[in-house]
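Worksheet for the structure shown next.
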Amino acid sequence: GVNRRGVTTAQLLAEANNVELVTLFSPEHGLQGKLDIPEIADGHDSQTGVKIFSLYGKSRKPTAQSLEDIDALVFDIQDIGARFYTYISTMGHAMQAASEQEIEFVVLDRPNPINGVDIAGPILDPGRESFVGFHPIPIRHGSTVGELARLFQHERKWELELTVIPVEGWQRTDFFDQTGLLWVNPSPNMRCMTQALLYPGIGLLEMTNLSVGRGTDTPFEVIGAPWLAGIEFAAQLNALQLPGVGFVPIRFTPETSKFQGELCGGICILITDRARFESVRTGLEIARQLRLAYPEAWEMDRYDRLLSSKRTWKSIREAKDVRDIEASHRAGLERFRARRAPWLLYE
């Protein structure tokens, strides 16, 4: 978290009058959002000298010991608007810990960078809660972290003193580039708004045997594999005339991550009209076309890891029309709109 001049929230709190910064907690990608490793250790912040407890190490929830001498727990992390991006899970676990220890919880709200209007995808299956699916919400949730915090508290029935400090001037229709705020990579492979907009649909694919561009300059803007024929697959997708998006055949070699050092055939995904582009629909259609073109080569069992909807996964396996799949989500999305309506903060 930084202010509009780039000063970190940690430094602002450390220097504030009548505030004692006791402890810092870091999420999946570390305090500065720059780490991409399986586990992060506790440490100390060189800027403030304060102890850092990792919430992506031995524990993903603040312990009672780590919360000693704390009167209020402040959450200030930029989300990107997808259910499986783990910062909202970290917020949920921290809220639960604050409730158990009777500590005030404050959310310094931030814009949803891909707007607060569009919602899409299946609701998380009951009983499928995990670190990549904290609460039964759609894949693209169209909410700010502050609004989600209010929803979580109500639906989890936490006894918690919750304060949300709203964003000033943000409207639900705004994308991040309309805010005038500084883009700070919230994680190493989330480098621009285009990648954030693609992520709810393209991120679904990365648990399978596909590269989603990690180890390239354009993560989530490309997908591919050594077994994928880019020219044919791009033509297959372009023939569908999906709204606001086109596909260009490419070859790339990831420098790290999946298929490191291997030449991959693939596609580059170009958003041509973001007002019409539908990220989740595009991701589901890519999955369906993979199932049709590569029923043996594409290993789709783990596609449900982030999807977290057995019905939707089964429909993709059966290569059902994506419009029919979307229709099966409609009732759940309408219920979600009604569930979240009392907790919205912005017009």
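Scheme for the structure tokens: letters A, B, ... for chains in order shown; per-chain residue numbers from 1; ligand numbers from 1 in order shown.
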#### Entry: Close residues, Asp36 of chain A itself excluded, 10 Å, only C-alpha atoms, min 6 positions apart in chain, as a ChimeraX atom specification
/A:28-30,187-189
Atoms kept (all heavy atoms) for selection, written as a compact mmCIF listing (two decimals), in the first residue's frame:
```
# COMPACT_ATOMS: atom_id res chain seq x y z
N GLU A 28 0.85 -13.05 0.27
CA GLU A 28 1.50 -14.06 -0.58
C GLU A 28 2.79 -13.56 -1.23
O GLU A 28 3.77 -14.30 -1.30
CB GLU A 28 0.54 -14.55 -1.67
CG GLU A 28 1.19 -15.51 -2.64
CD GLU A 28 0.26 -16.07 -3.69
OE1 GLU A 28 -0.96 -15.82 -3.63
OE2 GLU A 28 0.76 -16.77 -4.59
N HIS A 29 2.79 -12.34 -1.71
CA HIS A 29 3.95 -11.88 -2.48
C HIS A 29 4.87 -10.95 -1.68
O HIS A 29 5.66 -10.21 -2.26
CB HIS A 29 3.48 -11.22 -3.77
CG HIS A 29 2.77 -12.18 -4.68
ND1 HIS A 29 3.43 -13.15 -5.39
CD2 HIS A 29 1.45 -12.36 -4.94
CE1 HIS A 29 2.57 -13.87 -6.09
NE2 HIS A 29 1.36 -13.41 -5.82
N GLY A 30 4.75 -11.02 -0.35
CA GLY A 30 5.64 -10.23 0.49
C GLY A 30 5.13 -8.81 0.69
O GLY A 30 4.16 -8.37 0.07
N SER A 187 1.53 -7.92 -7.51
CA SER A 187 2.31 -9.15 -7.49
C SER A 187 3.24 -9.12 -8.70
O SER A 187 3.03 -8.35 -9.63
CB SER A 187 1.40 -10.39 -7.51
OG SER A 187 0.53 -10.37 -8.63
N PRO A 188 4.29 -9.95 -8.71
CA PRO A 188 5.31 -9.81 -9.75
C PRO A 188 4.80 -9.98 -11.17
O PRO A 188 5.37 -9.41 -12.10
CB PRO A 188 6.33 -10.91 -9.40
CG PRO A 188 6.13 -11.17 -7.94
CD PRO A 188 4.68 -10.95 -7.69
N ASN A 189 3.74 -10.79 -11.36
CA ASN A 189 3.24 -11.04 -12.71
C ASN A 189 1.95 -10.29 -13.01
O ASN A 189 1.23 -10.64 -13.95
CB ASN A 189 3.03 -12.54 -12.90
CG ASN A 189 4.35 -13.28 -13.04
OD1 ASN A 189 5.03 -13.17 -14.06
ND2 ASN A 189 4.74 -14.01 -12.00
```
### Query
What lies within 10 Å of Arg330 of chain A using only C-alpha atoms, ignoring chain neighbours under 6 positions off, as a PyMOL selection string?
chain A and resi 120-123+336
#### Entry: 6 Å contact set for Val222 of chain A, only C-alpha atoms, chain neighbours under 3 positions out, as a ChimeraX atom specification
/A:212-213,267-269
### Message
Which residues are near His329 of chain A? Cut-off 12 Å, only C-alpha atoms, ignore same chain within fewer than 3 positions. Put them as JSON, numbers by chain.
### Response
{"A": [119, 120, 121, 122, 123, 124, 125, 137, 138, 139, 280, 281, 309, 311, 312, 315, 322, 323, 324, 325, 326, 332, 333, 334, 335, 336]}
Limited to N, CA, C and O atoms, could you put the picked residues into a file as a JSON list (two decimals), in the first residue's frame?
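File written: result-v4.json
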```json
[["chain", "number", "residue", "atom", "x", "y", "z"],
["A", 119, "ILE", "N", -19.74, -8.48, -13.03],
["A", 119, "ILE", "CA", -19.52, -9.71, -12.28],
["A", 119, "ILE", "C", -19.75, -10.88, -13.22],
["A", 119, "ILE", "O", -20.54, -10.78, -14.17],
["A", 120, "ALA", "N", -19.06, -11.99, -12.99],
["A", 120, "ALA", "CA", -19.16, -13.10, -13.94],
["A", 120, "ALA", "C", -18.61, -14.38, -13.32],
["A", 120, "ALA", "O", -17.79, -14.34, -12.40],
["A", 121, "GLY", "N", -19.06, -15.49, -13.88],
["A", 121, "GLY", "CA", -18.54, -16.79, -13.49],
["A", 121, "GLY", "C", -19.38, -17.46, -12.43],
["A", 121, "GLY", "O", -20.28, -16.86, -11.83],
["A", 122, "PRO", "N", -19.08, -18.72, -12.18],
["A", 122, "PRO", "CA", -19.85, -19.46, -11.18],
["A", 122, "PRO", "C", -19.53, -19.01, -9.76],
["A", 122, "PRO", "O", -18.43, -18.54, -9.49],
["A", 123, "ILE", "N", -20.49, -19.17, -8.87],
["A", 123, "ILE", "CA", -20.25, -19.00, -7.44],
["A", 123, "ILE", "C", -19.47, -20.22, -6.95],
["A", 123, "ILE", "O", -19.69, -21.35, -7.41],
["A", 124, "LEU", "N", -18.56, -20.00, -6.03],
["A", 124, "LEU", "CA", -17.80, -21.08, -5.43],
["A", 124, "LEU", "C", -18.73, -22.17, -4.89],
["A", 124, "LEU", "O", -19.71, -21.87, -4.20],
["A", 125, "ASP", "N", -18.44, -23.43, -5.21],
["A", 125, "ASP", "CA", -19.25, -24.53, -4.70],
["A", 125, "ASP", "C", -19.25, -24.56, -3.17],
["A", 125, "ASP", "O", -18.20, -24.32, -2.55],
["A", 137, "ILE", "N", -18.38, -16.45, -3.64],
["A", 137, "ILE", "CA", -18.60, -15.29, -4.50],
["A", 137, "ILE", "C", -18.24, -15.69, -5.92],
["A", 137, "ILE", "O", -17.60, -16.72, -6.13],
["A", 138, "PRO", "N", -18.62, -14.91, -6.94],
["A", 138, "PRO", "CA", -18.28, -15.27, -8.31],
["A", 138, "PRO", "C", -16.79, -15.07, -8.59],
["A", 138, "PRO", "O", -16.07, -14.42, -7.81],
["A", 139, "ILE", "N", -16.33, -15.59, -9.72],
["A", 139, "ILE", "CA", -14.92, -15.43, -10.11],
["A", 139, "ILE", "C", -14.58, -13.95, -10.24],
["A", 139, "ILE", "O", -13.60, -13.48, -9.66],
["A", 280, "VAL", "N", -14.16, -13.57, -18.17],
["A", 280, "VAL", "CA", -14.48, -14.94, -17.78],
["A", 280, "VAL", "C", -15.04, -15.71, -18.97],
["A", 280, "VAL", "O", -14.67, -16.87, -19.21],
["A", 281, "ARG", "N", -15.92, -15.07, -19.74],
["A", 281, "ARG", "CA", -16.46, -15.73, -20.93],
["A", 281, "ARG", "C", -15.33, -16.14, -21.88],
["A", 281, "ARG", "O", -15.33, -17.25, -22.42],
["A", 309, "SER", "N", -16.09, -25.03, -9.38],
["A", 309, "SER", "CA", -17.49, -25.29, -9.74],
["A", 309, "SER", "C", -17.53, -26.58, -10.54],
["A", 309, "SER", "O", -17.18, -26.59, -11.72],
["A", 311, "ARG", "N", -20.02, -28.25, -11.68],
["A", 311, "ARG", "CA", -20.96, -28.22, -12.79],
["A", 311, "ARG", "C", -20.33, -27.53, -14.01],
["A", 311, "ARG", "O", -20.46, -28.02, -15.14],
["A", 312, "THR", "N", -19.65, -26.40, -13.77],
["A", 312, "THR", "CA", -19.02, -25.69, -14.88],
["A", 312, "THR", "C", -17.88, -26.52, -15.47],
["A", 312, "THR", "O", -17.73, -26.60, -16.70],
["A", 315, "SER", "N", -19.27, -29.17, -17.63],
["A", 315, "SER", "CA", -19.78, -28.62, -18.88],
["A", 315, "SER", "C", -18.65, -28.36, -19.88],
["A", 315, "SER", "O", -18.81, -28.58, -21.08],
["A", 322, "VAL", "N", -20.73, -22.18, -24.51],
["A", 322, "VAL", "CA", -20.42, -21.30, -23.38],
["A", 322, "VAL", "C", -21.62, -20.43, -23.02],
["A", 322, "VAL", "O", -21.81, -20.08, -21.85],
["A", 323, "ARG", "N", -22.46, -20.11, -23.99],
["A", 323, "ARG", "CA", -23.66, -19.33, -23.65],
["A", 323, "ARG", "C", -24.59, -20.12, -22.73],
["A", 323, "ARG", "O", -25.21, -19.55, -21.83],
["A", 324, "ASP", "N", -24.64, -21.43, -22.93],
["A", 324, "ASP", "CA", -25.43, -22.27, -22.02],
["A", 324, "ASP", "C", -24.77, -22.35, -20.64],
["A", 324, "ASP", "O", -25.46, -22.37, -19.61],
["A", 325, "ILE", "N", -23.44, -22.42, -20.64],
["A", 325, "ILE", "CA", -22.72, -22.44, -19.35],
["A", 325, "ILE", "C", -22.97, -21.14, -18.59],
["A", 325, "ILE", "O", -23.26, -21.16, -17.38],
["A", 326, "GLU", "N", -22.90, -20.01, -19.29],
["A", 326, "GLU", "CA", -23.15, -18.72, -18.65],
["A", 326, "GLU", "C", -24.59, -18.64, -18.13],
["A", 326, "GLU", "O", -24.83, -18.09, -17.05],
["A", 332, "GLY", "N", -27.24, -17.73, -9.78],
["A", 332, "GLY", "CA", -26.28, -17.51, -8.71],
["A", 332, "GLY", "C", -25.77, -16.08, -8.69],
["A", 332, "GLY", "O", -25.58, -15.49, -7.61],
["A", 333, "LEU", "N", -25.52, -15.51, -9.87],
["A", 333, "LEU", "CA", -25.04, -14.13, -9.94],
["A", 333, "LEU", "C", -26.11, -13.15, -9.47],
["A", 333, "LEU", "O", -25.79, -12.17, -8.80],
["A", 334, "GLU", "N", -27.37, -13.41, -9.80],
["A", 334, "GLU", "CA", -28.45, -12.53, -9.33],
["A", 334, "GLU", "C", -28.58, -12.61, -7.81],
["A", 334, "GLU", "O", -28.80, -11.60, -7.14],
["A", 335, "ARG", "N", -28.43, -13.80, -7.27],
["A", 335, "ARG", "CA", -28.46, -13.92, -5.80],
["A", 335, "ARG", "C", -27.28, -13.18, -5.17],
["A", 335, "ARG", "O", -27.43, -12.54, -4.13],
["A", 336, "PHE", "N", -26.12, -13.26, -5.82],
["A", 336, "PHE", "CA", -24.95, -12.54, -5.30],
["A", 336, "PHE", "C", -25.18, -11.03, -5.33],
["A", 336, "PHE", "O", -24.83, -10.32, -4.37]]
```
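Nearest residue to Leu148 of chain A, choosing from A:Leu108, A:Val184, A:Ile88, A:Leu242 and counting only C-alpha atoms: A:Ile88.
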### Query
Which residue gives the smallest distance to Arg337 of chain A among A:Ser143, A:Ser211, A:Ser46, A:Thr216, with only C-alpha atoms counted?
A:Ser143
#### Entry: Polymer residues at most 12 Å from segment 233-236 of chain A, only C-alpha atoms, same-chain spacing of 5 or more positions, as a ChimeraX atom specification
/A:222-225,227-228,241-242,245-251,265-270,285-294
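Across segment 47-84 of chain A, DSSP run on the backbone finds strand (DSSP E) at Lys51, Ile52, Phe53, Ser54, Ala72, Leu73, Val74 and Phe75 of chain A.
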Keeping only N, CA and C atoms, write the selected residues to a file as a PDB file, in the first residue's frame.
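New file out38.pdb:
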```
ATOM      1  N   LYS A  51       8.842  -5.618  13.130  1.00  0.00           N
ATOM      2  CA  LYS A  51       8.753  -7.045  12.856  1.00  0.00           C
ATOM      3  C   LYS A  51       7.688  -7.321  11.799  1.00  0.00           C
ATOM      4  N   ILE A  52       8.004  -8.220  10.844  1.00  0.00           N
ATOM      5  CA  ILE A  52       7.035  -8.648   9.832  1.00  0.00           C
ATOM      6  C   ILE A  52       6.663 -10.099  10.093  1.00  0.00           C
ATOM      7  N   PHE A  53       5.381 -10.358  10.254  1.00  0.00           N
ATOM      8  CA  PHE A  53       4.885 -11.731  10.314  1.00  0.00           C
ATOM      9  C   PHE A  53       4.348 -12.104   8.931  1.00  0.00           C
ATOM     10  N   SER A  54       4.854 -13.176   8.377  1.00  0.00           N
ATOM     11  CA  SER A  54       4.377 -13.637   7.074  1.00  0.00           C
ATOM     12  C   SER A  54       3.059 -14.375   7.212  1.00  0.00           C
ATOM     13  N   ALA A  72      -5.547  -2.316  16.860  1.00  0.00           N
ATOM     14  CA  ALA A  72      -6.271  -2.311  15.592  1.00  0.00           C
ATOM     15  C   ALA A  72      -5.407  -2.930  14.509  1.00  0.00           C
ATOM     16  N   LEU A  73      -6.040  -3.695  13.655  1.00  0.00           N
ATOM     17  CA  LEU A  73      -5.366  -4.322  12.524  1.00  0.00           C
ATOM     18  C   LEU A  73      -5.836  -3.588  11.269  1.00  0.00           C
ATOM     19  N   VAL A  74      -4.879  -3.053  10.491  1.00  0.00           N
ATOM     20  CA  VAL A  74      -5.200  -2.235   9.320  1.00  0.00           C
ATOM     21  C   VAL A  74      -4.862  -3.012   8.052  1.00  0.00           C
ATOM     22  N   PHE A  75      -5.843  -3.128   7.147  1.00  0.00           N
ATOM     23  CA  PHE A  75      -5.633  -3.825   5.873  1.00  0.00           C
ATOM     24  C   PHE A  75      -5.551  -2.792   4.761  1.00  0.00           C
TER      25      PHE A  75
END
```
### Message
Please report the interatomic distance between atom CA of Val2 of chain A and atom CA of Pro111 of chain A in Å with one decimal.
### Response
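If I compute the distance from atom CA of Val2 of chain A to atom CA of Pro111 of chain A, I get 13.2 Å.
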### Query
Which parts of segment 144-299 of chain A does DSSP call helix (DSSP H, G or I) when run on the backbone here, written out as a PyMOL selection string?
chain A and resi 145-156+176-178+193-207+230-238+279-293
Selection export as a short mmCIF file (atom, residue, chain, number, x, y, z; two decimals), in the first residue's frame, atoms kept: N, CA and C atoms:
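The resulting out.cif:
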```cif
data_model
loop_
_atom_site.label_atom_id
_atom_site.label_comp_id
_atom_site.auth_asym_id
_atom_site.auth_seq_id
_atom_site.Cartn_x
_atom_site.Cartn_y
_atom_site.Cartn_z
N VAL A 145 -12.30 -4.24 -1.82
CA VAL A 145 -11.99 -5.04 -0.63
C VAL A 145 -12.83 -4.58 0.56
N GLY A 146 -13.12 -3.28 0.64
CA GLY A 146 -13.94 -2.79 1.73
C GLY A 146 -15.36 -3.33 1.67
N GLU A 147 -15.91 -3.39 0.47
CA GLU A 147 -17.26 -3.96 0.32
C GLU A 147 -17.26 -5.45 0.63
N LEU A 148 -16.22 -6.16 0.20
CA LEU A 148 -16.12 -7.59 0.52
C LEU A 148 -15.97 -7.80 2.02
N ALA A 149 -15.21 -6.93 2.69
CA ALA A 149 -15.05 -7.06 4.14
C ALA A 149 -16.40 -6.94 4.84
N ARG A 150 -17.24 -6.01 4.40
CA ARG A 150 -18.57 -5.84 4.99
C ARG A 150 -19.44 -7.07 4.74
N LEU A 151 -19.35 -7.61 3.51
CA LEU A 151 -20.09 -8.82 3.17
C LEU A 151 -19.61 -10.00 4.01
N PHE A 152 -18.27 -10.18 4.09
CA PHE A 152 -17.72 -11.30 4.87
C PHE A 152 -18.18 -11.24 6.32
N GLN A 153 -18.09 -10.05 6.92
CA GLN A 153 -18.47 -9.93 8.34
C GLN A 153 -19.92 -10.33 8.54
N HIS A 154 -20.79 -9.87 7.65
CA HIS A 154 -22.22 -10.17 7.79
C HIS A 154 -22.48 -11.66 7.59
N GLU A 155 -21.92 -12.24 6.53
CA GLU A 155 -22.26 -13.62 6.20
C GLU A 155 -21.51 -14.63 7.06
N ARG A 156 -20.35 -14.25 7.57
CA ARG A 156 -19.63 -15.14 8.50
C ARG A 156 -20.05 -14.93 9.95
N PHE A 176 -8.92 1.27 -13.45
CA PHE A 176 -7.83 1.87 -12.69
C PHE A 176 -7.19 3.05 -13.42
N ASP A 177 -7.08 2.96 -14.74
CA ASP A 177 -6.40 4.04 -15.47
C ASP A 177 -7.23 5.31 -15.53
N GLN A 178 -8.45 5.28 -14.99
CA GLN A 178 -9.28 6.48 -14.90
C GLN A 178 -9.18 7.16 -13.54
N MET A 193 -2.79 -2.89 -16.19
CA MET A 193 -4.23 -3.07 -16.11
C MET A 193 -4.76 -4.11 -17.10
N THR A 194 -4.11 -4.20 -18.27
CA THR A 194 -4.53 -5.20 -19.25
C THR A 194 -4.44 -6.60 -18.65
N GLN A 195 -3.34 -6.88 -17.95
CA GLN A 195 -3.17 -8.20 -17.34
C GLN A 195 -4.20 -8.43 -16.24
N ALA A 196 -4.53 -7.39 -15.48
CA ALA A 196 -5.57 -7.53 -14.45
C ALA A 196 -6.92 -7.85 -15.08
N LEU A 197 -7.21 -7.20 -16.22
CA LEU A 197 -8.50 -7.42 -16.88
C LEU A 197 -8.59 -8.82 -17.47
N LEU A 198 -7.48 -9.34 -17.96
CA LEU A 198 -7.46 -10.69 -18.52
C LEU A 198 -7.49 -11.77 -17.44
N TYR A 199 -6.97 -11.46 -16.28
CA TYR A 199 -6.68 -12.47 -15.27
C TYR A 199 -7.88 -13.33 -14.83
N PRO A 200 -9.08 -12.79 -14.61
CA PRO A 200 -10.17 -13.67 -14.14
C PRO A 200 -10.47 -14.83 -15.09
N GLY A 201 -10.24 -14.65 -16.39
CA GLY A 201 -10.48 -15.72 -17.34
C GLY A 201 -9.25 -16.55 -17.65
N ILE A 202 -8.12 -15.86 -17.87
CA ILE A 202 -6.89 -16.56 -18.27
C ILE A 202 -6.24 -17.24 -17.06
N GLY A 203 -6.33 -16.62 -15.89
CA GLY A 203 -5.75 -17.22 -14.69
C GLY A 203 -6.32 -18.59 -14.37
N LEU A 204 -7.56 -18.83 -14.77
CA LEU A 204 -8.20 -20.13 -14.54
C LEU A 204 -7.40 -21.28 -15.16
N LEU A 205 -6.68 -20.97 -16.25
CA LEU A 205 -6.00 -22.02 -17.02
C LEU A 205 -4.67 -22.45 -16.43
N GLU A 206 -4.12 -21.67 -15.49
CA GLU A 206 -2.73 -21.91 -15.15
C GLU A 206 -2.47 -23.11 -14.25
N MET A 207 -3.50 -23.70 -13.70
CA MET A 207 -3.30 -24.93 -12.94
C MET A 207 -3.19 -26.15 -13.86
N GLY A 230 -0.19 -22.76 -32.59
CA GLY A 230 -0.73 -21.42 -32.43
C GLY A 230 -1.54 -20.92 -33.61
N ILE A 231 -1.08 -21.16 -34.83
CA ILE A 231 -1.79 -20.64 -36.00
C ILE A 231 -3.20 -21.22 -36.07
N GLU A 232 -3.30 -22.53 -35.93
CA GLU A 232 -4.62 -23.16 -36.00
C GLU A 232 -5.51 -22.75 -34.83
N PHE A 233 -4.93 -22.66 -33.63
CA PHE A 233 -5.74 -22.35 -32.46
C PHE A 233 -6.23 -20.90 -32.49
N ALA A 234 -5.37 -19.97 -32.92
CA ALA A 234 -5.80 -18.57 -33.05
C ALA A 234 -6.94 -18.45 -34.06
N ALA A 235 -6.84 -19.17 -35.19
CA ALA A 235 -7.90 -19.13 -36.20
C ALA A 235 -9.20 -19.70 -35.63
N GLN A 236 -9.09 -20.76 -34.85
CA GLN A 236 -10.26 -21.40 -34.21
C GLN A 236 -10.96 -20.40 -33.29
N LEU A 237 -10.18 -19.64 -32.51
CA LEU A 237 -10.76 -18.68 -31.57
C LEU A 237 -11.29 -17.44 -32.29
N ASN A 238 -10.55 -16.94 -33.28
CA ASN A 238 -11.00 -15.75 -34.00
C ASN A 238 -12.30 -16.00 -34.75
N SER A 279 -13.98 -11.10 -19.66
CA SER A 279 -12.80 -11.90 -19.32
C SER A 279 -13.15 -13.36 -19.03
N VAL A 280 -14.16 -13.57 -18.17
CA VAL A 280 -14.48 -14.94 -17.78
C VAL A 280 -15.04 -15.71 -18.97
N ARG A 281 -15.92 -15.07 -19.74
CA ARG A 281 -16.46 -15.73 -20.93
C ARG A 281 -15.33 -16.14 -21.88
N THR A 282 -14.36 -15.24 -22.09
CA THR A 282 -13.24 -15.55 -22.98
C THR A 282 -12.43 -16.72 -22.45
N GLY A 283 -12.18 -16.72 -21.14
CA GLY A 283 -11.43 -17.83 -20.54
C GLY A 283 -12.14 -19.16 -20.68
N LEU A 284 -13.45 -19.15 -20.45
CA LEU A 284 -14.23 -20.39 -20.60
C LEU A 284 -14.25 -20.87 -22.04
N GLU A 285 -14.33 -19.93 -22.98
CA GLU A 285 -14.35 -20.32 -24.39
C GLU A 285 -12.99 -20.89 -24.81
N ILE A 286 -11.90 -20.30 -24.32
CA ILE A 286 -10.58 -20.86 -24.61
C ILE A 286 -10.49 -22.29 -24.08
N ALA A 287 -10.99 -22.50 -22.86
CA ALA A 287 -10.97 -23.84 -22.27
C ALA A 287 -11.80 -24.81 -23.11
N ARG A 288 -12.97 -24.36 -23.55
CA ARG A 288 -13.83 -25.23 -24.38
C ARG A 288 -13.13 -25.59 -25.69
N GLN A 289 -12.49 -24.61 -26.32
CA GLN A 289 -11.81 -24.87 -27.58
C GLN A 289 -10.58 -25.77 -27.39
N LEU A 290 -9.91 -25.64 -26.26
CA LEU A 290 -8.82 -26.57 -25.94
C LEU A 290 -9.36 -28.00 -25.81
N ARG A 291 -10.51 -28.12 -25.18
CA ARG A 291 -11.12 -29.44 -25.02
C ARG A 291 -11.49 -30.05 -26.38
N LEU A 292 -11.97 -29.21 -27.30
CA LEU A 292 -12.34 -29.69 -28.62
C LEU A 292 -11.11 -30.04 -29.47
N ALA A 293 -10.09 -29.18 -29.41
CA ALA A 293 -8.93 -29.36 -30.29
C ALA A 293 -7.88 -30.32 -29.72
#
```
### Atom-to-atom span, atom CA of Phe252 of chain A and atom CA of Ala275 of chain A, Å
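Rounded to one decimal, the two atoms are 28.9 Å apart.
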